[in-house]
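Structure below is data-v8.cif: mmCIF, C-alpha atoms.
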```
data_my_file
loop_
_atom_site.label_atom_id
_atom_site.label_comp_id
_atom_site.auth_asym_id
_atom_site.auth_seq_id
_atom_site.Cartn_x
_atom_site.Cartn_y
_atom_site.Cartn_z
CA MET A 196 170.13 -96.95 87.44
CA GLU A 197 167.18 -98.38 89.14
CA THR A 198 163.67 -97.70 87.66
CA VAL A 199 160.98 -96.85 90.13
CA GLU A 200 157.46 -98.07 89.11
CA GLN A 201 154.69 -95.44 89.59
CA ARG A 202 151.44 -96.81 90.88
CA PRO A 203 148.04 -95.00 90.45
CA VAL A 204 146.90 -93.10 93.39
CA SER A 205 143.98 -94.85 94.84
CA ARG A 206 140.85 -92.83 95.77
CA ASP A 207 138.46 -93.77 98.36
CA PRO A 208 134.81 -94.56 97.37
CA GLN A 209 133.51 -91.37 98.87
CA THR A 210 135.70 -89.27 96.58
CA ARG A 211 134.67 -91.21 93.48
CA THR A 212 130.98 -90.72 94.33
CA ALA A 213 131.43 -86.96 94.64
CA ASP A 214 133.14 -86.81 91.25
CA ASP A 215 130.35 -88.74 89.61
CA ASN A 216 127.76 -86.47 91.14
CA LEU A 217 129.62 -83.44 89.85
CA ILE A 218 129.72 -84.83 86.30
CA GLY A 219 126.01 -85.67 86.46
CA LEU A 220 125.22 -82.19 87.72
CA GLU A 221 127.17 -80.60 84.88
CA HIS A 222 125.34 -82.79 82.35
CA ALA A 223 121.97 -81.88 83.87
CA VAL A 224 122.84 -78.19 83.76
CA GLU A 225 123.78 -78.53 80.06
CA GLN A 226 120.50 -80.29 79.29
CA LEU A 227 118.64 -77.60 81.18
CA ARG A 228 120.32 -74.90 79.11
CA VAL A 229 119.43 -76.73 75.88
CA ALA A 230 115.83 -77.12 77.04
CA GLU A 231 115.68 -73.45 77.96
CA GLU A 232 116.95 -72.50 74.47
CA GLU A 233 114.42 -74.79 72.79
CA LEU A 234 111.67 -73.36 74.98
CA ARG A 235 112.75 -69.82 74.07
CA VAL A 236 112.64 -70.66 70.34
CA GLN A 237 109.26 -72.32 70.74
CA ASN A 238 107.94 -69.29 72.63
CA GLU A 239 109.14 -66.99 69.86
CA GLU A 240 107.51 -69.19 67.22
CA LEU A 241 104.33 -69.35 69.26
CA LYS A 242 104.35 -65.57 69.63
CA ALA A 243 104.84 -65.15 65.87
CA HIS A 244 102.01 -67.59 65.13
CA ARG A 245 99.77 -65.82 67.65
CA GLU A 246 100.50 -62.44 66.09
CA ALA A 247 99.82 -63.85 62.59
CA ALA A 248 96.57 -65.36 63.82
CA GLU A 249 95.56 -62.10 65.46
CA ASN A 250 96.39 -60.18 62.27
CA ALA A 251 94.43 -62.65 60.17
CA LEU A 252 91.53 -62.42 62.60
CA GLN A 253 91.68 -58.62 62.45
CA ARG A 254 91.70 -58.68 58.64
CA TYR A 255 88.76 -61.05 58.67
CA GLN A 256 86.95 -58.80 61.15
CA ASP A 257 87.66 -55.75 58.98
CA LEU A 258 86.40 -57.52 55.88
CA PHE A 259 83.41 -58.80 57.84
CA ASP A 260 82.50 -55.32 59.10
CA LEU A 261 83.18 -53.51 55.83
CA ALA A 262 81.33 -55.98 53.58
CA PRO A 263 78.74 -54.05 51.53
CA ASP A 264 76.04 -56.71 52.01
CA PRO A 265 74.55 -57.66 55.38
CA TYR A 266 76.43 -60.63 56.84
CA ILE A 267 75.30 -62.61 59.93
CA THR A 268 76.58 -65.72 61.70
CA THR A 269 74.33 -67.90 63.83
CA ASP A 270 74.53 -71.21 65.63
CA PRO A 271 72.81 -74.24 64.01
CA VAL A 272 69.44 -73.30 65.51
CA GLY A 273 69.57 -69.75 64.16
CA VAL A 274 70.64 -67.73 67.20
CA ILE A 275 72.65 -64.70 66.11
CA GLN A 276 76.31 -64.66 67.14
CA GLU A 277 77.84 -61.91 64.99
CA ALA A 278 76.61 -59.29 62.51
CA ASN A 279 78.52 -56.82 60.39
CA THR A 280 77.85 -53.10 60.01
CA ALA A 281 75.57 -53.56 56.98
CA ALA A 282 73.44 -56.10 58.86
CA ILE A 283 73.17 -53.79 61.87
CA ALA A 284 72.03 -50.97 59.58
CA LEU A 285 69.55 -53.25 57.78
CA LEU A 286 67.93 -54.57 60.96
CA ASN A 287 68.31 -51.23 62.76
CA VAL A 288 69.38 -52.97 65.97
CA PRO A 289 72.69 -52.49 67.91
CA ILE A 290 75.07 -55.45 67.89
CA ASP A 291 74.72 -56.04 71.63
CA LYS A 292 70.97 -56.36 71.16
CA LEU A 293 71.37 -58.65 68.14
CA ARG A 294 73.55 -61.26 69.81
CA GLY A 295 71.48 -64.05 71.30
CA LYS A 296 68.34 -63.27 69.31
CA PRO A 297 66.91 -65.81 66.84
CA ILE A 298 67.27 -64.64 63.26
CA THR A 299 63.72 -65.80 62.55
CA SER A 300 62.41 -63.00 64.79
CA PHE A 301 63.34 -60.53 62.03
CA VAL A 302 61.43 -62.46 59.34
CA THR A 303 57.87 -61.37 58.66
CA PRO A 304 55.29 -63.86 60.02
CA GLY A 305 54.11 -64.90 56.57
CA ARG A 306 57.61 -66.00 55.55
CA ARG A 307 58.85 -67.62 58.78
CA ARG A 308 57.70 -71.14 57.98
CA ALA A 309 59.52 -71.22 54.66
CA PHE A 310 62.57 -69.63 56.29
CA ARG A 311 62.70 -72.30 59.00
CA VAL A 312 62.59 -74.99 56.31
CA GLY A 313 65.67 -73.46 54.72
CA LEU A 314 67.36 -73.06 58.12
CA ASN A 315 66.77 -76.71 59.03
CA ARG A 316 68.07 -77.83 55.67
CA VAL A 317 71.32 -75.92 56.10
CA ALA A 318 71.68 -76.98 59.76
CA SER A 319 71.33 -80.64 58.80
CA GLY A 320 74.23 -80.27 56.36
CA ASP A 321 72.20 -80.78 53.19
CA GLU A 322 73.45 -79.18 50.01
CA PRO A 323 71.18 -76.49 48.55
CA VAL A 324 68.85 -77.49 45.76
CA PRO A 325 70.49 -76.65 42.37
CA GLY A 326 69.20 -73.28 41.22
CA ALA A 327 67.87 -72.46 44.70
CA GLU A 328 71.08 -71.31 46.41
CA GLU A 329 69.18 -68.11 47.27
CA TRP A 330 65.61 -67.74 48.44
CA ALA A 331 63.41 -64.69 48.87
CA VAL A 332 62.74 -63.51 52.42
CA GLN A 333 60.92 -60.48 53.76
CA ILE A 334 62.84 -58.87 56.64
CA LYS A 335 61.12 -56.62 59.19
CA PRO A 336 63.58 -54.12 60.76
CA ARG A 337 62.98 -52.83 64.25
CA ARG A 338 61.55 -49.65 62.73
CA GLY A 339 60.49 -49.27 59.14
CA GLU A 340 58.69 -51.12 56.40
CA PRO A 341 59.44 -54.76 55.48
CA ILE A 342 62.33 -55.21 53.05
CA GLU A 343 62.64 -57.86 50.35
CA VAL A 344 66.02 -59.63 50.55
CA ALA A 345 67.66 -62.58 48.83
CA VAL A 346 69.18 -64.95 51.40
CA ALA A 347 72.13 -67.31 50.89
CA ALA A 348 73.20 -69.57 53.78
CA ALA A 349 76.19 -71.87 54.24
CA GLY A 350 76.92 -74.20 57.14
CA LEU A 351 80.42 -74.41 58.66
CA LYS A 352 81.11 -78.00 59.69
CA GLU A 353 83.32 -79.36 62.44
CA ARG A 354 85.74 -82.24 61.97
CA GLY A 355 82.98 -84.65 62.83
CA GLY A 356 80.89 -83.39 59.95
CA GLU A 357 78.26 -81.63 62.05
CA VAL A 358 77.34 -78.01 61.35
CA ALA A 359 78.87 -75.75 64.02
CA SER A 360 77.59 -72.40 62.73
CA ILE A 361 75.73 -70.89 59.78
CA ARG A 362 76.77 -67.88 57.75
CA TRP A 363 73.99 -65.78 56.28
CA LEU A 364 74.41 -63.37 53.39
CA LEU A 365 71.48 -61.00 52.78
CA ARG A 366 71.09 -58.81 49.69
CA ASP A 367 68.51 -56.06 49.55
CA VAL A 368 66.54 -56.65 46.34
CA THR A 369 63.93 -53.94 46.88
CA ALA A 370 65.44 -51.75 44.17
CA ARG A 371 65.73 -54.72 41.82
CA ARG A 372 62.11 -55.72 42.42
CA ARG A 373 61.05 -52.12 41.83
CA ALA A 374 63.03 -52.05 38.57
CA GLU A 375 61.50 -55.38 37.50
CA MET A 376 58.04 -54.00 38.22
CA GLN A 377 58.82 -50.91 36.14
CA VAL A 378 60.06 -53.09 33.29
CA ARG A 379 56.89 -55.19 33.40
CA THR A 380 54.78 -52.03 33.43
CA MET A 381 56.70 -50.59 30.49
CA ASN A 382 56.39 -53.87 28.58
CA ALA A 383 52.64 -53.90 29.18
CA GLU A 384 52.33 -50.29 28.01
CA LEU A 385 54.48 -51.03 24.95
CA GLU A 386 52.40 -54.08 24.10
CA GLU A 387 49.24 -52.03 24.45
CA ARG A 388 50.67 -49.36 22.14
CA VAL A 389 51.68 -52.01 19.62
CA GLN A 390 48.18 -53.44 19.69
CA GLU A 391 46.69 -49.98 19.21
CA ARG A 392 49.11 -49.30 16.36
CA THR A 393 48.32 -52.63 14.78
CA ALA A 394 44.59 -51.97 15.03
CA ALA A 395 45.10 -48.53 13.46
CA LEU A 396 47.12 -50.03 10.61
CA GLU A 397 44.51 -52.71 10.05
CA ALA A 398 41.80 -50.05 9.97
CA ALA A 399 43.85 -47.99 7.50
CA ASN A 400 44.45 -51.03 5.30
CA TRP A 401 40.76 -51.86 5.37
CA ALA A 402 39.87 -48.26 4.43
CA LYS A 403 42.42 -48.34 1.59
CA ALA A 404 41.09 -51.66 0.30
CA GLU A 405 37.55 -50.34 0.49
CA PHE A 406 38.56 -47.18 -1.41
CA LEU A 407 40.34 -49.18 -4.11
CA SER A 408 37.35 -51.48 -4.50
CA VAL A 409 34.95 -48.54 -4.92
CA MET A 410 37.26 -46.76 -7.35
CA ALA A 411 37.73 -49.94 -9.38
CA HIS A 412 33.98 -50.31 -9.66
CA GLU A 413 33.54 -46.64 -10.64
CA LEU A 414 36.25 -46.89 -13.32
CA ARG A 415 35.18 -50.22 -14.76
CA THR A 416 31.61 -49.01 -15.39
CA PRO A 417 32.44 -46.25 -17.93
CA LEU A 418 35.30 -48.27 -19.42
CA ASN A 419 33.02 -51.21 -20.08
CA ALA A 420 30.54 -48.76 -21.69
CA ILE A 421 33.30 -47.38 -23.95
CA ILE A 422 34.37 -50.88 -24.98
CA GLY A 423 30.74 -51.88 -25.58
CA TYR A 424 29.99 -48.87 -27.82
CA THR A 425 33.26 -49.48 -29.67
CA GLU A 426 32.27 -53.05 -30.41
CA LEU A 427 28.84 -51.83 -31.63
CA LEU A 428 30.55 -49.42 -34.03
CA GLU A 429 32.84 -52.20 -35.25
CA LEU A 430 29.79 -54.36 -35.97
CA GLY A 431 28.37 -51.56 -38.17
CA ILE A 432 25.08 -51.29 -36.29
CA SER A 433 25.03 -47.51 -36.63
CA GLY A 434 26.19 -47.63 -40.28
CA PRO A 435 29.16 -48.70 -42.32
CA ILE A 436 32.70 -47.64 -41.23
CA SER A 437 35.87 -47.25 -43.24
CA GLU A 438 38.96 -49.39 -42.85
CA MET A 439 40.83 -46.59 -41.08
CA GLN A 440 37.91 -46.08 -38.71
CA ARG A 441 37.98 -49.80 -37.95
CA VAL A 442 41.68 -49.53 -37.06
CA TYR A 443 40.95 -46.62 -34.75
CA LEU A 444 38.05 -48.45 -33.14
CA GLU A 445 40.27 -51.47 -32.59
CA ARG A 446 42.81 -49.26 -30.86
CA ILE A 447 40.08 -47.64 -28.76
CA ARG A 448 38.82 -51.05 -27.69
CA SER A 449 42.36 -52.25 -26.98
CA SER A 450 43.11 -49.16 -24.93
CA GLY A 451 39.87 -49.58 -22.99
CA GLN A 452 40.73 -53.17 -22.19
CA ARG A 453 44.16 -52.00 -21.20
CA LEU A 454 42.64 -49.49 -18.79
CA ILE A 455 40.51 -52.19 -17.24
CA GLY A 456 43.68 -54.21 -16.80
CA LEU A 457 45.31 -51.22 -15.07
CA VAL A 458 42.34 -51.00 -12.73
CA GLY A 459 43.01 -54.61 -11.86
CA GLU A 460 46.64 -53.67 -11.25
CA VAL A 461 45.53 -51.08 -8.72
CA LEU A 462 43.62 -53.75 -6.88
CA ASP A 463 46.74 -55.91 -6.99
CA LEU A 464 48.44 -53.44 -4.63
CA GLY A 465 46.60 -55.10 -1.80
CA LYS A 466 47.86 -58.46 -3.02
CA VAL A 467 51.41 -57.13 -3.15
CA GLU A 468 51.22 -56.05 0.50
CA ALA A 469 49.77 -59.41 1.45
CA GLY A 470 52.42 -61.26 -0.57
CA GLU A 471 49.74 -62.87 -2.77
CA LEU A 472 50.56 -61.25 -6.12
CA LYS A 473 51.20 -63.92 -8.74
CA VAL A 474 53.42 -63.38 -11.78
CA VAL A 475 52.86 -65.65 -14.77
CA ARG A 476 55.88 -67.31 -16.37
CA GLU A 477 55.18 -68.22 -20.00
CA GLU A 478 56.60 -67.89 -23.52
CA CYS A 479 55.44 -64.72 -25.28
CA SER A 480 56.18 -62.75 -28.46
CA ILE A 481 58.26 -59.59 -28.20
CA ALA A 482 56.55 -58.13 -31.30
CA ASP A 483 53.12 -58.56 -29.71
CA ALA A 484 54.24 -56.74 -26.55
CA VAL A 485 55.71 -53.87 -28.59
CA ASP A 486 52.59 -53.58 -30.78
CA ALA A 487 50.33 -53.51 -27.72
CA ALA A 488 52.39 -50.76 -26.06
CA LEU A 489 52.60 -48.66 -29.26
CA ASN A 490 48.85 -48.90 -29.91
CA VAL A 491 48.18 -47.40 -26.47
CA ILE A 492 50.52 -44.41 -26.80
CA LEU A 493 50.28 -43.63 -30.53
CA PRO A 494 47.47 -41.06 -30.07
CA GLN A 495 49.47 -39.19 -27.43
CA ALA A 496 52.60 -39.27 -29.59
CA ALA A 497 50.66 -38.00 -32.63
CA ALA A 498 49.14 -35.17 -30.61
CA ARG A 499 52.64 -34.06 -29.57
CA GLY A 500 54.18 -34.49 -33.02
CA VAL A 501 56.37 -37.42 -31.96
CA ARG A 502 57.01 -40.07 -34.59
CA LEU A 503 57.32 -43.65 -33.38
CA ARG A 504 58.94 -46.44 -35.38
CA ASN A 505 58.56 -50.16 -34.73
CA ASP A 506 61.84 -51.91 -35.60
CA CYS A 507 60.63 -55.40 -34.75
CA ASN A 508 61.13 -57.67 -37.76
CA PRO A 509 58.11 -59.94 -38.27
CA ALA A 510 60.31 -62.27 -40.34
CA GLU A 511 62.50 -62.93 -37.29
CA PRO A 512 60.08 -63.47 -34.41
CA MET A 513 61.79 -63.18 -30.99
CA ARG A 514 60.22 -64.53 -27.86
CA TYR A 515 60.73 -64.13 -24.12
CA ILE A 516 59.79 -65.93 -20.92
CA GLY A 517 57.69 -63.81 -18.54
CA ASP A 518 54.33 -62.23 -17.79
CA SER A 519 52.93 -60.50 -20.88
CA ASP A 520 50.77 -58.05 -18.91
CA ARG A 521 53.75 -56.93 -16.77
CA VAL A 522 56.01 -56.58 -19.81
CA GLU A 523 53.43 -54.47 -21.70
CA GLN A 524 53.01 -52.28 -18.63
CA ILE A 525 56.79 -51.75 -18.42
CA LEU A 526 56.97 -50.80 -22.10
CA ILE A 527 54.07 -48.36 -21.78
CA ASN A 528 55.72 -46.71 -18.76
CA LEU A 529 58.97 -46.39 -20.66
#
```

Any chance you could give the structure as structure tokens?
Amino acid sequence: METVEQRPVSRDPQTRTADDNLIGLEHAVEQLRVAEEELRVQNEELKAHREAAENALQRYQDLFDLAPDPYITTDPVGVIQEANTAAIALLNVPIDKLRGKPITSFVTPGRRRAFRVGLNRVASGDEPVPGAEEWAVQIKPRRGEPIEVAVAAAGLKERGGEVASIRWLLRDVTARRRAEMQVRTMNAELEERVQERTAALEAANWAKAEFLSVMAHELRTPLNAIIGYTELLELGISGPISEMQRVYLERIRSSGQRLIGLVGEVLDLGKVEAGELKVVREECSIADAVDAALNVILPQAAARGVRLRNDCNPAEPMRYIGDSDRVEQILINL
């Protein structure tokens, strides 16, 4: 059987060119479809980003308008661009009348020079002086009295580092200044009252000291006379005395001296208040302190029928460290 060889059908050049053009057209259409899909995706992403930006801008605008403190934005030379509701209420000017006006026009004339210094400092990009992030400014609304405010300013810089705009935050400190004035007034009144009270106390202390001094003098005079006459009797000038009379006279003299000591104690009250009272620290005899106290109160005990017994043993002397006058006074009181 004879095999017949098949030969490829030959196409003319015109046909091959048409086929190539068709393939190229199909490829271009496919690329166009891909580009259209990419463009659609990009448009959707752009739309989403635009909506997010608009929402963020709206939130910022809401926060800007609802901020409790006056908030203003200006260009670097201080021309007002935006102002929130609180700023409009503070300056008492509609927003359309605020835009384009220099912020310095709302500063009282006496404060404008200092305000411009702060404005120029912020516009130049300088950082605020530590501790001086706020400065006091007096604002003059369109109608009404000047208002004391504390101003804080911050410059918003571009990529090049230059300040593109300035944000101003104003806080009304009129109420705070009024409260500070009231506190200063109350402090002054309180200090005046304290001074008056101190003067009254000093006058009372002086009157008390004067009274004690006079009373001490009045008491010492008769007591010294009693002690003097007692000593004369002990010397026997008016005649001889018995041994028992001498004992009584000794007790009278001792009691008189004790009374003079008590007068001195009264005067020591002033020293106690002044912190100048001195207490002696020395070695003393317990028997002597007991004898001194008993000698003072024996007449009173005898008049009331009370018998006192001294149990101190002279053969076994006991001593203590302290102030003998204070110890005798304690025993007498007891």

Stretch 429-435 of chain A environment, 10 Å, only C-alpha atoms, sequence neighbours closer than 6 positions dropped, as a list of chain:residue names: A:Gly423, A:Arg441, A:Val442, A:Tyr443, A:Leu444, A:Glu445, A:Arg448

Given the file shown, enumerate the residues that the PyMOL selection byres ((chain A and resi 302) around 12) captures and present them as an mmCIF file with C-alpha atoms, in the coordinates of the input.
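Here's the written file selection05.cif:
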```cif
data_model
loop_
_atom_site.group_PDB
_atom_site.id
_atom_site.type_symbol
_atom_site.label_atom_id
_atom_site.label_comp_id
_atom_site.auth_asym_id
_atom_site.auth_seq_id
_atom_site.Cartn_x
_atom_site.Cartn_y
_atom_site.Cartn_z
ATOM 1 C CA GLY A 273 69.570 -69.750 64.160
ATOM 2 C CA LEU A 286 67.930 -54.570 60.960
ATOM 3 C CA PRO A 297 66.910 -65.810 66.840
ATOM 4 C CA ILE A 298 67.270 -64.640 63.260
ATOM 5 C CA THR A 299 63.720 -65.800 62.550
ATOM 6 C CA SER A 300 62.410 -63.000 64.790
ATOM 7 C CA PHE A 301 63.340 -60.530 62.030
ATOM 8 C CA THR A 303 57.870 -61.370 58.660
ATOM 9 C CA PRO A 304 55.290 -63.860 60.020
ATOM 10 C CA GLY A 305 54.110 -64.900 56.570
ATOM 11 C CA ARG A 306 57.610 -66.000 55.550
ATOM 12 C CA ARG A 307 58.850 -67.620 58.780
ATOM 13 C CA ARG A 308 57.700 -71.140 57.980
ATOM 14 C CA ALA A 309 59.520 -71.220 54.660
ATOM 15 C CA PHE A 310 62.570 -69.630 56.290
ATOM 16 C CA ARG A 311 62.700 -72.300 59.000
ATOM 17 C CA ALA A 331 63.410 -64.690 48.870
ATOM 18 C CA VAL A 332 62.740 -63.510 52.420
ATOM 19 C CA GLN A 333 60.920 -60.480 53.760
ATOM 20 C CA ILE A 334 62.840 -58.870 56.640
ATOM 21 C CA LYS A 335 61.120 -56.620 59.190
ATOM 22 C CA PRO A 336 63.580 -54.120 60.760
ATOM 23 C CA ARG A 337 62.980 -52.830 64.250
ATOM 24 C CA PRO A 341 59.440 -54.760 55.480
ATOM 25 C CA ILE A 342 62.330 -55.210 53.050
ATOM 26 C CA GLU A 343 62.640 -57.860 50.350
ATOM 27 C CA VAL A 344 66.020 -59.630 50.550
ATOM 28 C CA VAL A 346 69.180 -64.950 51.400
#
```

Distance query A:Ser449 at most 10 Å, only C-alpha atoms, self and fewer than 6 positions along chain excluded, as number ranges by chain: A: 422, 425, 443, 455, 487, 490-491

Explicit residue set for the PyMOL selection byres ((chain A and resi 272) around 12), as a list in words: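 So the PyMOL selection byres ((chain A and resi 272) around 12), applied here, picks out Thr268, Thr269, Asp270, Pro271, Gly273, Val274, Ile275, Gln276, Gly295, Lys296, Pro297, Ile298, Thr299, Arg311, Val312, Gly313, Leu314, Asn315, Arg316, Val317, Ala318, Ser319, Gly350, Val358, Ala359, Ser360, Ile361 and Arg362 of chain A.
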
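Distances from A:Gly456, A:Pro265, A:Gly219, A:Pro509 to A:Ala345 were compared using only C-alpha atoms, and the smallest one belongs to A:Pro265.
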
Result set, the PyMOL selection byres ((chain A and resi 513) around 8) on current file, as an NGL selection string: :A and (480-482 or 511-512 or 514-515)

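You will find atom CA of A:Leu418 at 29.2 Å from atom CA of A:Glu478.
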